[in-house]
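What follows is one structure encoded as structure tokens, with my remarks underneath.
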Amino acid sequence: MPEPTPTQSRRSRSLIFSLVIGVLLFAAVSLLFEGLYRWTRLDGLINPRSVGLYHNQFEIKWFELKDFVRERGGVDVILLGSSMVNTGVDPDVLSEQYASATGRELRVFNFGVEGFTISPNAEVARLLVQEYHPGTLVFVTEMRDYVAANGLEVEQQVLNDEWLAARLTGVWSRRAWLKENSKLVQHLLPYRNWSRSDFPDTFLMSLRRFADTTSAGYEPDRKTASQLDVPPDPANPDDQALFTMFSKYAIDPNRLADLADIISLQQEGTRVIITELPLHPSYFTYFGGEDVHRQYLAQLVPFIESAGGVFLPPLSPSLIPPDHRSDRFHLNYKGAPLYSRFLADQLAVLCQAKNICPLVNSPVEVAP
């Protein structure tokens, strides 16, 4: 085999040198941005952070809560539930009203996530309690939580995620560890689907949601409902799927077990309070009417109390004007502050009359 010529040797050394320089430059730039994100205010300032989870709203809440705890030294009350909680409770208003009624300050965060039924919320509740040790968890539930077929796609996509699985089990792959610990990776992951045709729309929606979400986790809904008193029609194609899923209503035992798991977090020192938003009466048409809702509560409340939880009864829906709703089951930017004051008053009465008060936690340290 012929010996390489001097020219070929020089080219080979030049290529190796270029590769080494390229690797060193890449490493230097990566370390520079890692340090900038870690030790300056750039972290989470410009765009949402990500750990690669498909549900970007969960990620927004996760990082906002981390910032909230770092800035305030802990969190006393976490509000947990679906999009009803996300748009339905303003933690700042609740905290202010509760302080006005009791003289006691609470640090409150809204971790309501769109599409989350009780099954993923049971896992998220355990994760939040282990991570931040909130004094109180207020879980806002409703009838759909207990239908076995409801929300399965979201549940599977979330709970099968490698980062969340590692968080829940403590078994870390290299990729999951990098997502958890690298600020640079967290800022690059929102762009991971840049080549997809729907990326501009989904990224802009994520930016809007990121901008709209307050530092306490509340995302106001700007829509206003119309014709709420007209009940949904089974013949309407837009409503048929909901009637098919909910018209023969029955509480699934496995979903009740998820509720028991949430209540069992009291063994970790976190008080668990369960409640329901004041939903518009026409919403219960999907389930068979308000009588079915009353039967549901008659089964649910004793279960909660027997498991050691506390149930706050839903307020009368007449307290929420129609223009304070965005649809039959969501409150809008007018309804959320109003309901937040009502909920704070309920918590204050519970504390003053029954000595069952929202607990506060000790200071929590969060790594940069």
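In the structure tokens, each chain is lettered A, B, ... as it comes, each chain's residues begin at 1, and ligands are numbered from 1 in order of appearance.
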Strand (DSSP E) positions in segment 14-220 of chain A, given as a PyMOL selection string:
chain A and resi 77-81+108-112+136-140
Can you list, as number ranges by chain, every protein, DNA or RNA residue that comes within 9 Å of Leu300 of chain A when you count only C-alpha atoms, leaving out same-chain residues fewer than 4 positions away?
A: 251, 256, 295-296, 304-305
Among the residues A:Ser282, A:Asn150, A:Ser197, A:Asn332, the one that comes closest to Asn86 of chain A [using only C-alpha atoms]
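Once distances to Asn86 of chain A are computed over only C-alpha atoms, the minimum belongs to A:Asn332.
Across the model, the gap from atom CA of Gly73 of chain A to atom CA of Ala260 of chain A is 29.3 Å.
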Residues within 7 Å of segment 309-311 of chain A, only C-alpha atoms, excluding chain neighbours under 5 positions, as a list in words
Ile263, Val272, Ile273, Ile274, Thr275, Val301 and Ile304 of chain A
Would you work out the distance separating atom CA of Ala125 of chain A from atom CA of Asn181 of chain A, expressed in Å to one decimal?
21.6 Å
Work out how far atom CA of Val349 of chain A is from atom CA of Ala101 of chain A, in Å to one decimal.
8.9 Å
Of A:Asn254, A:Gln57, A:Ser264, A:Ser182, the one sitting nearest Ser119 of chain A when using only C-alpha atoms is A:Asn254
